[in-house]
$ cat coords04.txt   # compact mmCIF, C-alpha atoms
# COMPACT_ATOMS: atom_id res chain seq x y z
CA MET A 1 33.33 86.59 -27.11
CA THR A 2 34.04 90.26 -26.46
CA ASP A 3 32.17 92.49 -24.04
CA ALA A 4 30.62 94.29 -27.00
CA ASP A 5 29.20 91.01 -28.27
CA ARG A 6 27.59 90.13 -24.95
CA ARG A 7 24.20 91.57 -25.80
CA PHE A 8 20.88 89.83 -25.36
CA ARG A 9 17.26 90.63 -26.01
CA LEU A 10 14.26 89.17 -24.18
CA ILE A 11 10.81 88.39 -25.55
CA GLY A 12 8.33 87.78 -22.76
CA PRO A 13 9.28 89.80 -19.67
CA GLY A 14 7.34 87.68 -17.18
CA ARG A 15 8.73 86.09 -14.03
CA ALA A 16 11.02 83.54 -15.69
CA GLY A 17 12.22 85.83 -18.46
CA SER A 18 12.85 88.79 -16.19
CA SER A 19 14.63 86.58 -13.65
CA LEU A 20 17.04 85.31 -16.30
CA ALA A 21 17.49 88.77 -17.84
CA ASP A 22 18.39 90.32 -14.48
CA ALA A 23 20.74 87.43 -13.72
CA LEU A 24 22.49 87.85 -17.08
CA VAL A 25 22.91 91.59 -16.51
CA SER A 26 24.48 90.85 -13.13
CA VAL A 27 27.19 88.72 -14.78
CA GLY A 28 28.06 91.27 -17.45
CA TRP A 29 25.62 90.82 -20.31
CA ARG A 30 24.14 93.96 -21.86
CA ASP A 31 20.36 94.19 -22.03
CA ALA A 32 19.30 95.24 -25.55
CA GLY A 33 15.61 95.41 -24.69
CA ARG A 34 12.63 93.47 -23.36
CA LEU A 35 9.76 92.97 -25.77
CA GLY A 36 6.14 92.07 -25.13
CA ARG A 37 3.18 90.94 -27.18
CA ALA A 38 2.45 94.45 -28.46
CA ASP A 39 5.96 94.95 -29.90
CA GLU A 40 7.16 94.32 -33.44
CA LEU A 41 9.30 91.17 -33.26
CA GLY A 42 10.53 90.68 -36.83
CA GLY A 43 13.95 92.18 -36.16
CA ALA A 44 14.34 90.91 -32.60
CA ALA A 45 17.36 88.72 -33.45
CA GLU A 46 19.35 91.58 -34.97
CA GLY A 47 22.24 93.17 -33.11
CA VAL A 48 22.43 90.61 -30.30
CA GLU A 49 24.29 87.39 -29.66
CA LEU A 50 21.45 85.90 -27.63
CA LEU A 51 17.68 86.12 -28.06
CA VAL A 52 15.63 84.67 -25.20
CA ILE A 53 12.02 83.67 -25.89
CA ALA A 54 10.29 83.41 -22.52
CA THR A 55 6.68 83.29 -23.66
CA PRO A 56 4.16 80.59 -22.65
CA ASP A 57 5.04 77.24 -24.23
CA ALA A 58 2.25 77.34 -26.81
CA SER A 59 3.44 80.73 -28.07
CA ILE A 60 7.09 79.86 -28.61
CA ALA A 61 6.73 78.40 -32.11
CA PRO A 62 4.62 81.23 -33.58
CA VAL A 63 6.83 83.85 -31.94
CA ALA A 64 10.03 82.21 -33.23
CA GLY A 65 8.51 81.78 -36.67
CA GLY A 66 7.76 85.48 -36.89
CA ILE A 67 11.36 86.55 -36.22
CA ASP A 68 13.80 87.00 -39.09
CA PRO A 69 16.69 84.53 -38.59
CA VAL A 70 20.19 85.91 -38.02
CA ALA A 71 22.92 83.36 -38.62
CA SER A 72 25.09 84.46 -35.70
CA THR A 73 22.32 84.88 -33.10
CA VAL A 74 21.52 82.06 -30.68
CA VAL A 75 17.78 81.82 -30.03
CA ILE A 76 16.77 79.98 -26.87
CA HIS A 77 13.58 79.22 -24.99
CA LEU A 78 13.08 78.61 -21.27
CA ALA A 79 10.41 75.92 -21.53
CA GLY A 80 10.84 72.55 -19.90
CA SER A 81 8.39 70.46 -21.88
CA VAL A 82 9.17 71.29 -25.52
CA GLY A 83 12.20 70.66 -27.70
CA LEU A 84 14.27 72.67 -30.13
CA ASP A 85 11.95 72.19 -33.08
CA VAL A 86 9.73 75.04 -31.86
CA LEU A 87 12.58 77.46 -32.64
CA HIS A 88 12.51 76.80 -36.38
CA PRO A 89 13.77 78.40 -38.65
CA HIS A 90 16.63 79.78 -36.55
CA PRO A 91 19.93 77.98 -37.26
CA ARG A 92 21.41 78.34 -33.76
CA ARG A 93 18.92 77.09 -31.18
CA GLY A 94 19.02 76.21 -27.53
CA ALA A 95 16.89 75.42 -24.50
CA LEU A 96 17.65 76.58 -20.97
CA HIS A 97 15.06 75.53 -18.39
CA PRO A 98 15.77 76.58 -14.79
CA LEU A 99 14.79 73.76 -12.44
CA MET A 100 13.84 76.34 -9.88
CA ALA A 101 10.72 78.16 -8.67
CA LEU A 102 10.93 81.82 -9.73
CA PRO A 103 8.20 83.74 -7.89
CA ASN A 104 9.39 87.18 -9.02
CA ALA A 105 12.33 88.75 -10.84
CA ASP A 106 14.32 89.78 -7.77
CA VAL A 107 14.10 86.42 -6.00
CA GLY A 108 14.41 84.56 -9.29
CA ALA A 109 17.59 86.34 -10.38
CA ALA A 110 19.21 85.63 -7.02
CA ARG A 111 18.23 81.96 -7.17
CA LEU A 112 19.56 81.59 -10.71
CA ARG A 113 22.96 82.74 -9.46
CA ALA A 114 23.00 80.49 -6.39
CA GLY A 115 24.03 77.21 -7.96
CA ALA A 116 20.71 76.45 -9.65
CA TRP A 117 20.18 73.38 -11.81
CA PHE A 118 19.31 73.87 -15.48
CA ALA A 119 18.06 71.46 -18.13
CA VAL A 120 19.97 72.29 -21.31
CA ALA A 121 19.93 71.40 -24.99
CA GLY A 122 21.28 72.72 -28.26
CA ASP A 123 23.85 75.41 -28.92
CA PRO A 124 27.04 75.39 -26.80
CA LEU A 125 26.32 78.96 -25.71
CA VAL A 126 23.67 77.52 -23.39
CA ASP A 127 26.34 75.63 -21.43
CA HIS A 128 28.40 78.81 -21.29
CA LEU A 129 25.44 80.69 -19.80
CA VAL A 130 25.09 78.09 -17.04
CA GLU A 131 28.79 78.36 -16.31
CA GLU A 132 28.61 82.15 -16.12
CA LEU A 133 25.68 81.98 -13.70
CA GLY A 134 27.54 79.53 -11.47
CA GLY A 135 24.93 76.87 -12.08
CA ARG A 136 24.83 73.14 -12.71
CA SER A 137 23.29 71.48 -15.73
CA PHE A 138 22.14 68.24 -17.30
CA ALA A 139 21.19 67.59 -20.91
CA VAL A 140 17.65 66.53 -21.78
CA ALA A 141 16.89 65.22 -25.26
CA ASP A 142 13.80 66.48 -27.05
CA ASP A 143 12.00 63.13 -26.70
CA ASP A 144 12.56 63.15 -22.92
CA ARG A 145 11.51 66.71 -22.17
CA ALA A 146 7.85 66.00 -21.41
CA ALA A 147 8.79 63.35 -18.81
CA TYR A 148 11.48 65.63 -17.36
CA HIS A 149 9.02 68.50 -17.04
CA ALA A 150 6.34 66.25 -15.54
CA ALA A 151 8.82 65.30 -12.79
CA ALA A 152 9.58 68.98 -12.22
CA CYS A 153 5.88 69.78 -11.83
CA ILE A 154 5.42 66.89 -9.40
CA ALA A 155 8.40 68.08 -7.36
CA SER A 156 7.21 71.68 -7.16
CA ASN A 157 3.60 72.30 -8.18
CA HIS A 158 2.20 69.05 -6.80
CA LEU A 159 4.13 69.51 -3.56
CA VAL A 160 2.53 72.94 -3.13
CA ALA A 161 -0.90 71.42 -3.76
CA LEU A 162 -0.16 68.68 -1.22
CA LEU A 163 0.86 71.26 1.38
CA GLY A 164 -2.40 73.07 0.66
CA GLN A 165 -4.15 69.88 1.74
CA VAL A 166 -2.01 69.78 4.89
CA GLU A 167 -3.11 73.34 5.70
CA ARG A 168 -6.79 72.50 5.20
CA VAL A 169 -6.75 69.28 7.21
CA ALA A 170 -4.65 70.77 10.01
CA SER A 171 -7.12 73.63 10.36
CA THR A 172 -9.92 71.13 11.14
CA ALA A 173 -7.90 69.97 14.15
CA GLY A 174 -7.06 73.52 15.24
CA VAL A 175 -3.34 73.04 14.56
CA PRO A 176 -1.38 75.86 12.86
CA PHE A 177 0.01 75.04 9.43
CA GLU A 178 3.42 76.41 10.44
CA ALA A 179 3.81 73.55 12.92
CA TYR A 180 4.09 71.12 10.00
CA LEU A 181 6.73 72.97 8.02
CA ASP A 182 9.68 71.75 10.09
CA LEU A 183 8.38 68.21 9.53
CA VAL A 184 8.37 68.89 5.78
CA ARG A 185 11.92 70.26 5.84
CA ALA A 186 13.22 67.31 7.88
CA THR A 187 11.48 64.89 5.52
CA VAL A 188 13.14 66.48 2.49
CA ASP A 189 16.49 66.23 4.27
CA ASN A 190 15.82 62.53 4.93
CA VAL A 191 15.04 61.92 1.27
CA ASP A 192 18.24 63.72 0.31
CA ALA A 193 20.28 61.57 2.69
CA LEU A 194 18.56 58.20 2.29
CA GLY A 195 16.51 58.22 -0.91
CA PRO A 196 12.70 58.11 -1.09
CA ALA A 197 12.16 54.44 -0.18
CA ALA A 198 14.38 54.46 2.92
CA ALA A 199 13.02 57.82 4.07
CA LEU A 200 9.40 56.70 4.03
CA THR A 201 7.78 56.39 7.47
CA GLY A 202 4.20 56.31 8.74
CA PRO A 203 1.22 53.99 8.51
CA ALA A 204 1.38 53.39 4.75
CA ALA A 205 5.03 52.33 5.05
CA ARG A 206 4.27 49.76 7.76
CA GLY A 207 0.90 48.61 6.39
CA ASP A 208 -1.07 49.98 9.33
CA TRP A 209 -4.47 49.93 7.64
CA ALA A 210 -6.40 50.51 10.87
CA THR A 211 -4.73 53.89 11.29
CA ILE A 212 -5.27 54.74 7.65
CA GLU A 213 -8.99 53.99 8.04
CA ARG A 214 -9.14 56.28 11.09
CA HIS A 215 -7.57 59.00 8.96
CA ARG A 216 -10.11 58.43 6.19
CA ALA A 217 -13.01 58.61 8.64
CA ALA A 218 -11.74 61.94 9.97
CA LEU A 219 -11.23 63.57 6.59
CA ASP A 220 -13.72 65.65 4.66
CA PRO A 221 -14.92 63.55 1.70
CA ASP A 222 -13.40 66.12 -0.66
CA GLU A 223 -9.94 65.26 0.72
CA LEU A 224 -10.20 61.49 0.29
CA ALA A 225 -9.20 61.18 -3.37
CA ALA A 226 -5.89 62.96 -2.80
CA TYR A 227 -5.24 61.09 0.46
CA ASP A 228 -5.97 57.69 -1.11
CA ALA A 229 -3.78 58.51 -4.12
CA MET A 230 -0.84 59.34 -1.88
CA VAL A 231 -1.33 56.20 0.23
CA ALA A 232 -1.14 54.21 -3.00
CA ALA A 233 1.96 56.14 -4.09
CA ALA A 234 3.58 55.48 -0.70
CA ARG A 235 2.85 51.77 -0.99
CA ARG A 236 4.67 51.68 -4.35
CA LEU A 237 7.86 52.45 -2.43
CA VAL A 238 7.24 49.47 -0.15
CA ASP A 239 5.78 46.78 -2.38
$ encode --input "coords04.txt" --output "structure tokens"
Amino acid sequence: MTDADRRFRLIGPGRAGSSLADALVSVGWRDAGRLGRADELGGAAEGVELLVIATPDASIAPVAGGIDPVASTVVIHLAGSVGLDVLHPHPRRGALHPLMALPNADVGAARLRAGAWFAVAGDPLVDHLVEELGGRSFAVADDDRAAYHAAACIASNHLVALLGQVERVASTAGVPFEAYLDLVRATVDNVDALGPAAALTGPAARGDWATIERHRAALDPDELAAYDAMVAAARRLVD
């Protein structure tokens, strides 16, 4: 691959797409343009080695289907839950899903160059991109992508929702949310060192149902479903 060949084009300049585009530019790729929904996409694969489709998952297939295939151009998507079939009819296809929260392009680009993990599939160029970004990767087959992405959402999105519950419940006791964040960080470190089952502490781990009932009595009824679900999830690590 020569420097002249290292050209990419992006369709979907949102947070994920812009993060990857900026990261690629920082490692020497040339940006051939960033296209949105109002742009003509038929010739988007022409004149580049890499075409990145970073649209919402449901839009990938119609967007890819509206682009004229170019035999030498690798077309990739950034979705975690769908396979390579959505990139039909392009002959060189790949998937590159960053297992990383990308809140904006600046933070995202930095995170993608800081040893991030990527779920990869398809064309070998995808592995080369991970290598260039200094990342780590694992392959996920098409049939496994929904389960992989569900785990990613649990690890990130559901954790944020759970911490939202911490913030609400803590406020009823007059305790600042920030006081719990060091506990969260230490807990994650424990899981990293020991694994989830060995890191579990607290009343659910020891079967202290009296304490759990005191918790339930103190909680707003709207918080009980989530609390009960997590007690049950904690018990799965014990039973």
$ closest_atom_pairs --input "coords04.txt" --of "stretch 8-45 of chain A" --to "stretch 72-80 of chain A" --cutoff "8 Å" --atoms "only C-alpha atoms" --output "CSV"
residue,atom,partner,partner_atom,distance
A:Ala16,CA,A:Leu78,CA,7.7
A:Gly17,CA,A:Leu78,CA,7.8
A:Ala45,CA,A:Thr73,CA,6.3
$ closest_atom_pairs --input "coords04.txt" --of "stretch 27-71 of chain A" --to "stretch 120-139 of chain A" --cutoff "10 Å" --atoms "all atoms listed in the file" --output "tab-separated table"
residue	atom	partner	partner_atom	distance
A:Val27	CA	A:Glu132	CA	6.9
A:Gly28	CA	A:Glu132	CA	9.2
A:Glu49	CA	A:Leu125	CA	9.5
A:Leu50	CA	A:Leu125	CA	8.7
$ write_last_selection --input "coords04.txt" --atoms "C-alpha atoms" --output "CSV table (one decimal), in the frame of the given file"
chain,number,residue,atom,x,y,z
A,27,VAL,CA,27.2,88.7,-14.8
A,28,GLY,CA,28.1,91.3,-17.4
A,49,GLU,CA,24.3,87.4,-29.7
A,50,LEU,CA,21.4,85.9,-27.6
$ closest_residue --input "coords04.txt" --among "A:Ser81, A:Arg235, A:Val48, A:Pro89" --to "A:Ala64" --atoms "all atoms listed in the file"
A:Pro89
$ closest_residue --input "coords04.txt" --among "A:Glu223, A:Asp57, A:Asp182, A:Asp143" --to "A:Leu162" --atoms "all atoms listed in the file"
A:Glu223
$ closest_residue --input "coords04.txt" --among "A:Leu112, A:Ala218, A:Ala101, A:Ala199" --to "A:Ala173" --atoms "all atoms listed in the file"
A:Ala218
$ axis_aligned_box --input "coords04.txt" --around "stretch 190-196 of chain A" --padding-each-side "8 Å" --output "AutoDock Vina command-line options"
--center_x 16.5 --center_y 60.9 --center_z 1.9 --size_x 23.6 --size_y 21.6 --size_z 22.0
$ closest_residue --input "coords04.txt" --among "A:Ala204, A:Ala234, A:Ala226, A:Gly36" --to "A:His158" --atoms "only C-alpha atoms"
A:Ala226
$ closest_residue --input "coords04.txt" --among "A:Phe118, A:Asp239, A:Leu99, A:Ala44" --to "A:Ile67" --atoms "only C-alpha atoms"
A:Ala44
$ atom_distance --input "coords04.txt" --atom1 "atom CA of A:Ser18" --atom2 "atom CA of A:Arg185"
28.8 Å
$ residues_around --input "coords04.txt" --residues "A:Leu181" --least-positions-apart "6" --cutoff "10 Å" --atoms "only C-alpha atoms" --output "MDAnalysis selection string"
chainID A and resid 163 166 187
$ residues_near_point --input "coords04.txt" --point "(17.5, 82.0, -36.6)" --cutoff "6 Å" --atoms "only C-alpha atoms" --output "ChimeraX atom specification"
/A:69-71,89-91
$ write_last_selection --input "coords04.txt" --atoms "C-alpha atoms" --output "PDB file, in the coordinates of the input"
ATOM      1  CA  PRO A  69      16.690  84.530 -38.590  1.00  0.00           C
ATOM      2  CA  VAL A  70      20.190  85.910 -38.020  1.00  0.00           C
ATOM      3  CA  ALA A  71      22.920  83.360 -38.620  1.00  0.00           C
ATOM      4  CA  PRO A  89      13.770  78.400 -38.650  1.00  0.00           C
ATOM      5  CA  HIS A  90      16.630  79.780 -36.550  1.00  0.00           C
ATOM      6  CA  PRO A  91      19.930  77.980 -37.260  1.00  0.00           C
TER       7      PRO A  91
END
$ closest_residue --input "coords04.txt" --among "A:Ala116, A:Ile11, A:Tyr180, A:Ala54" --to "A:Asp39" --atoms "only C-alpha atoms"
A:Ile11
$ atom_distance --input "coords04.txt" --atom1 "atom CA of A:Gly66" --atom2 "atom CA of A:Leu84"
15.9 Å
$ atom_distance --input "coords04.txt" --atom1 "atom CA of A:Arg111" --atom2 "atom CA of A:Ala151"
19.9 Å
$ residues_around --input "coords04.txt" --residues "A:Leu219" --least-positions-apart "4" --cutoff "12 Å" --atoms "all atoms listed in the file" --output "list in words"
Gln165, Val166, Arg168, Val169, Ala170, Ser171, Thr172, Ala173, Ile212, Glu213, Arg214, His215, Glu223, Leu224, Ala225, Ala226, Tyr227 and Asp228 of chain A
$ residues_around --input "coords04.txt" --residues "A:Ala110" --least-positions-apart "5" --cutoff "9 Å" --atoms "only C-alpha atoms" --output "PDB file with C-alpha atoms, in the coordinates of the input"
ATOM      1  CA  SER A  19      14.630  86.580 -13.650  1.00  0.00           C
ATOM      2  CA  ASP A  22      18.390  90.320 -14.480  1.00  0.00           C
ATOM      3  CA  ALA A  23      20.740  87.430 -13.720  1.00  0.00           C
ATOM      4  CA  ALA A 105      12.330  88.750 -10.840  1.00  0.00           C
TER       5      ALA A 105
END
$ residues_around --input "coords04.txt" --residues "A:Ala197" --least-positions-apart "3" --cutoff "12 Å" --atoms "only C-alpha atoms" --output "list in words"
Thr187, Asn190, Val191, Asp192, Ala193, Leu194, Leu200, Thr201, Ala204, Ala205, Ala233, Ala234, Arg235, Arg236, Leu237, Val238 and Asp239 of chain A
$ write_last_selection --input "coords04.txt" --atoms "C-alpha atoms" --output "compact mmCIF listing (two decimals), in the frame of the given file"
# COMPACT_ATOMS: atom_id res chain seq x y z
CA THR A 187 11.48 64.89 5.52
CA ASN A 190 15.82 62.53 4.93
CA VAL A 191 15.04 61.92 1.27
CA ASP A 192 18.24 63.72 0.31
CA ALA A 193 20.28 61.57 2.69
CA LEU A 194 18.56 58.20 2.29
CA LEU A 200 9.40 56.70 4.03
CA THR A 201 7.78 56.39 7.47
CA ALA A 204 1.38 53.39 4.75
CA ALA A 205 5.03 52.33 5.05
CA ALA A 233 1.96 56.14 -4.09
CA ALA A 234 3.58 55.48 -0.70
CA ARG A 235 2.85 51.77 -0.99
CA ARG A 236 4.67 51.68 -4.35
CA LEU A 237 7.86 52.45 -2.43
CA VAL A 238 7.24 49.47 -0.15
CA ASP A 239 5.78 46.78 -2.38
$ decode --input "coords04.txt" --residues "stretch 47-159 of chain A" --atoms "C-alpha atoms" --output "PDB file, in the first residue's frame"
ATOM      1  CA  GLY A  47     -11.038   6.786  -5.866  1.00  0.00           C
ATOM      2  CA  VAL A  48     -10.510   5.389  -2.363  1.00  0.00           C
ATOM      3  CA  GLU A  49      -9.119   2.208  -0.871  1.00  0.00           C
ATOM      4  CA  LEU A  50     -11.497   2.311   2.087  1.00  0.00           C
ATOM      5  CA  LEU A  51     -15.140   3.342   2.343  1.00  0.00           C
ATOM      6  CA  VAL A  52     -16.538   3.549   5.874  1.00  0.00           C
ATOM      7  CA  ILE A  53     -20.304   3.356   6.347  1.00  0.00           C
ATOM      8  CA  ALA A  54     -21.055   4.726   9.811  1.00  0.00           C
ATOM      9  CA  THR A  55     -24.803   5.170   9.527  1.00  0.00           C
ATOM     10  CA  PRO A  56     -27.367   3.740  11.991  1.00  0.00           C
ATOM     11  CA  ASP A  57     -27.538  -0.053  11.734  1.00  0.00           C
ATOM     12  CA  ALA A  58     -30.874  -0.119   9.908  1.00  0.00           C
ATOM     13  CA  SER A  59     -29.527   2.204   7.209  1.00  0.00           C
ATOM     14  CA  ILE A  60     -26.368   0.272   6.363  1.00  0.00           C
ATOM     15  CA  ALA A  61     -27.928  -2.147   3.871  1.00  0.00           C
ATOM     16  CA  PRO A  62     -29.855   0.455   1.835  1.00  0.00           C
ATOM     17  CA  VAL A  63     -26.867   2.805   1.844  1.00  0.00           C
ATOM     18  CA  ALA A  64     -24.473   0.047   0.721  1.00  0.00           C
ATOM     19  CA  GLY A  65     -26.936  -1.124  -1.909  1.00  0.00           C
ATOM     20  CA  GLY A  66     -27.077   2.339  -3.428  1.00  0.00           C
ATOM     21  CA  ILE A  67     -23.310   2.590  -3.938  1.00  0.00           C
ATOM     22  CA  ASP A  68     -21.726   1.370  -7.165  1.00  0.00           C
ATOM     23  CA  PRO A  69     -19.268  -1.438  -6.296  1.00  0.00           C
ATOM     24  CA  VAL A  70     -15.571  -0.915  -6.999  1.00  0.00           C
ATOM     25  CA  ALA A  71     -13.585  -4.134  -7.049  1.00  0.00           C
ATOM     26  CA  SER A  72     -10.532  -2.706  -5.287  1.00  0.00           C
ATOM     27  CA  THR A  73     -12.361  -0.716  -2.583  1.00  0.00           C
ATOM     28  CA  VAL A  74     -12.918  -2.220   0.857  1.00  0.00           C
ATOM     29  CA  VAL A  75     -16.322  -1.238   2.256  1.00  0.00           C
ATOM     30  CA  ILE A  76     -16.713  -1.551   6.020  1.00  0.00           C
ATOM     31  CA  HIS A  77     -19.334  -0.759   8.622  1.00  0.00           C
ATOM     32  CA  LEU A  78     -18.876   0.093  12.293  1.00  0.00           C
ATOM     33  CA  ALA A  79     -21.934  -1.731  13.645  1.00  0.00           C
ATOM     34  CA  GLY A  80     -21.639  -4.323  16.361  1.00  0.00           C
ATOM     35  CA  SER A  81     -24.864  -6.248  15.885  1.00  0.00           C
ATOM     36  CA  VAL A  82     -24.986  -6.944  12.134  1.00  0.00           C
ATOM     37  CA  GLY A  83     -22.835  -9.052   9.842  1.00  0.00           C
ATOM     38  CA  LEU A  84     -21.215  -8.610   6.471  1.00  0.00           C
ATOM     39  CA  ASP A  85     -24.307  -9.449   4.457  1.00  0.00           C
ATOM     40  CA  VAL A  86     -25.591  -5.881   4.854  1.00  0.00           C
ATOM     41  CA  LEU A  87     -22.694  -4.709   2.644  1.00  0.00           C
ATOM     42  CA  HIS A  88     -23.916  -6.566  -0.438  1.00  0.00           C
ATOM     43  CA  PRO A  89     -23.077  -6.226  -3.351  1.00  0.00           C
ATOM     44  CA  HIS A  90     -19.557  -5.008  -2.569  1.00  0.00           C
ATOM     45  CA  PRO A  91     -16.937  -7.739  -3.128  1.00  0.00           C
ATOM     46  CA  ARG A  92     -14.512  -6.606  -0.413  1.00  0.00           C
ATOM     47  CA  ARG A  93     -16.363  -6.199   2.879  1.00  0.00           C
ATOM     48  CA  GLY A  94     -15.397  -5.771   6.490  1.00  0.00           C
ATOM     49  CA  ALA A  95     -16.712  -4.889   9.930  1.00  0.00           C
ATOM     50  CA  LEU A  96     -14.819  -2.832  12.497  1.00  0.00           C
ATOM     51  CA  HIS A  97     -16.728  -2.223  15.723  1.00  0.00           C
ATOM     52  CA  PRO A  98     -14.883  -0.229  18.402  1.00  0.00           C
ATOM     53  CA  LEU A  99     -15.631  -1.712  21.820  1.00  0.00           C
ATOM     54  CA  MET A 100     -15.380   1.746  23.276  1.00  0.00           C
ATOM     55  CA  ALA A 101     -17.693   4.620  24.240  1.00  0.00           C
ATOM     56  CA  LEU A 102     -17.168   7.503  21.796  1.00  0.00           C
ATOM     57  CA  PRO A 103     -18.917  10.581  23.218  1.00  0.00           C
ATOM     58  CA  ASN A 104     -17.523  12.983  20.611  1.00  0.00           C
ATOM     59  CA  ALA A 105     -14.987  13.012  17.786  1.00  0.00           C
ATOM     60  CA  ASP A 106     -12.075  14.468  19.751  1.00  0.00           C
ATOM     61  CA  VAL A 107     -12.360  12.100  22.719  1.00  0.00           C
ATOM     62  CA  GLY A 108     -13.293   9.209  20.437  1.00  0.00           C
ATOM     63  CA  ALA A 109     -10.292   9.614  18.140  1.00  0.00           C
ATOM     64  CA  ALA A 110      -7.945   9.699  21.129  1.00  0.00           C
ATOM     65  CA  ARG A 111      -9.527   6.595  22.637  1.00  0.00           C
ATOM     66  CA  LEU A 112      -9.318   4.703  19.353  1.00  0.00           C
ATOM     67  CA  ARG A 113      -5.559   5.281  19.362  1.00  0.00           C
ATOM     68  CA  ALA A 114      -5.054   4.291  22.996  1.00  0.00           C
ATOM     69  CA  GLY A 115      -5.064   0.520  22.695  1.00  0.00           C
ATOM     70  CA  ALA A 116      -8.799   0.127  22.117  1.00  0.00           C
ATOM     71  CA  TRP A 117     -10.421  -3.246  21.500  1.00  0.00           C
ATOM     72  CA  PHE A 118     -12.182  -3.833  18.172  1.00  0.00           C
ATOM     73  CA  ALA A 119     -14.508  -6.587  16.987  1.00  0.00           C
ATOM     74  CA  VAL A 120     -13.443  -7.425  13.436  1.00  0.00           C
ATOM     75  CA  ALA A 121     -14.652  -9.477  10.495  1.00  0.00           C
ATOM     76  CA  GLY A 122     -14.057  -9.759   6.781  1.00  0.00           C
ATOM     77  CA  ASP A 123     -11.353  -8.234   4.622  1.00  0.00           C
ATOM     78  CA  PRO A 124      -7.748  -8.354   5.923  1.00  0.00           C
ATOM     79  CA  LEU A 125      -7.529  -4.574   5.624  1.00  0.00           C
ATOM     80  CA  VAL A 126      -9.633  -4.389   8.791  1.00  0.00           C
ATOM     81  CA  ASP A 127      -6.882  -6.119  10.784  1.00  0.00           C
ATOM     82  CA  HIS A 128      -4.358  -3.744   9.250  1.00  0.00           C
ATOM     83  CA  LEU A 129      -6.423  -0.755  10.416  1.00  0.00           C
ATOM     84  CA  VAL A 130      -6.428  -2.067  13.989  1.00  0.00           C
ATOM     85  CA  GLU A 131      -2.682  -2.541  13.828  1.00  0.00           C
ATOM     86  CA  GLU A 132      -2.167   0.989  12.533  1.00  0.00           C
ATOM     87  CA  LEU A 133      -4.295   2.428  15.330  1.00  0.00           C
ATOM     88  CA  GLY A 134      -2.326   0.495  17.944  1.00  0.00           C
ATOM     89  CA  GLY A 135      -5.415  -1.430  18.961  1.00  0.00           C
ATOM     90  CA  ARG A 136      -6.316  -4.989  19.889  1.00  0.00           C
ATOM     91  CA  SER A 137      -8.886  -7.122  18.130  1.00  0.00           C
ATOM     92  CA  PHE A 138     -10.953 -10.278  18.231  1.00  0.00           C
ATOM     93  CA  ALA A 139     -12.967 -11.852  15.432  1.00  0.00           C
ATOM     94  CA  VAL A 140     -16.741 -12.182  15.745  1.00  0.00           C
ATOM     95  CA  ALA A 141     -18.641 -14.354  13.289  1.00  0.00           C
ATOM     96  CA  ASP A 142     -21.852 -13.022  11.781  1.00  0.00           C
ATOM     97  CA  ASP A 143     -24.016 -15.456  13.769  1.00  0.00           C
ATOM     98  CA  ASP A 144     -22.442 -14.292  17.042  1.00  0.00           C
ATOM     99  CA  ARG A 145     -22.621 -10.549  16.507  1.00  0.00           C
ATOM    100  CA  ALA A 146     -25.994  -9.967  18.178  1.00  0.00           C
ATOM    101  CA  ALA A 147     -24.826 -11.717  21.381  1.00  0.00           C
ATOM    102  CA  TYR A 148     -21.496  -9.865  21.255  1.00  0.00           C
ATOM    103  CA  HIS A 149     -23.255  -6.519  20.886  1.00  0.00           C
ATOM    104  CA  ALA A 150     -25.752  -7.341  23.642  1.00  0.00           C
ATOM    105  CA  ALA A 151     -22.805  -7.903  26.003  1.00  0.00           C
ATOM    106  CA  ALA A 152     -21.303  -4.585  24.912  1.00  0.00           C
ATOM    107  CA  CYS A 153     -24.566  -2.761  25.658  1.00  0.00           C
ATOM    108  CA  ILE A 154     -24.813  -4.420  29.069  1.00  0.00           C
ATOM    109  CA  ALA A 155     -21.227  -3.423  29.856  1.00  0.00           C
ATOM    110  CA  SER A 156     -21.684   0.203  28.838  1.00  0.00           C
ATOM    111  CA  ASN A 157     -25.279   1.356  28.376  1.00  0.00           C
ATOM    112  CA  HIS A 158     -26.766  -0.739  31.173  1.00  0.00           C
ATOM    113  CA  LEU A 159     -23.969   0.279  33.522  1.00  0.00           C
TER     114      LEU A 159
END
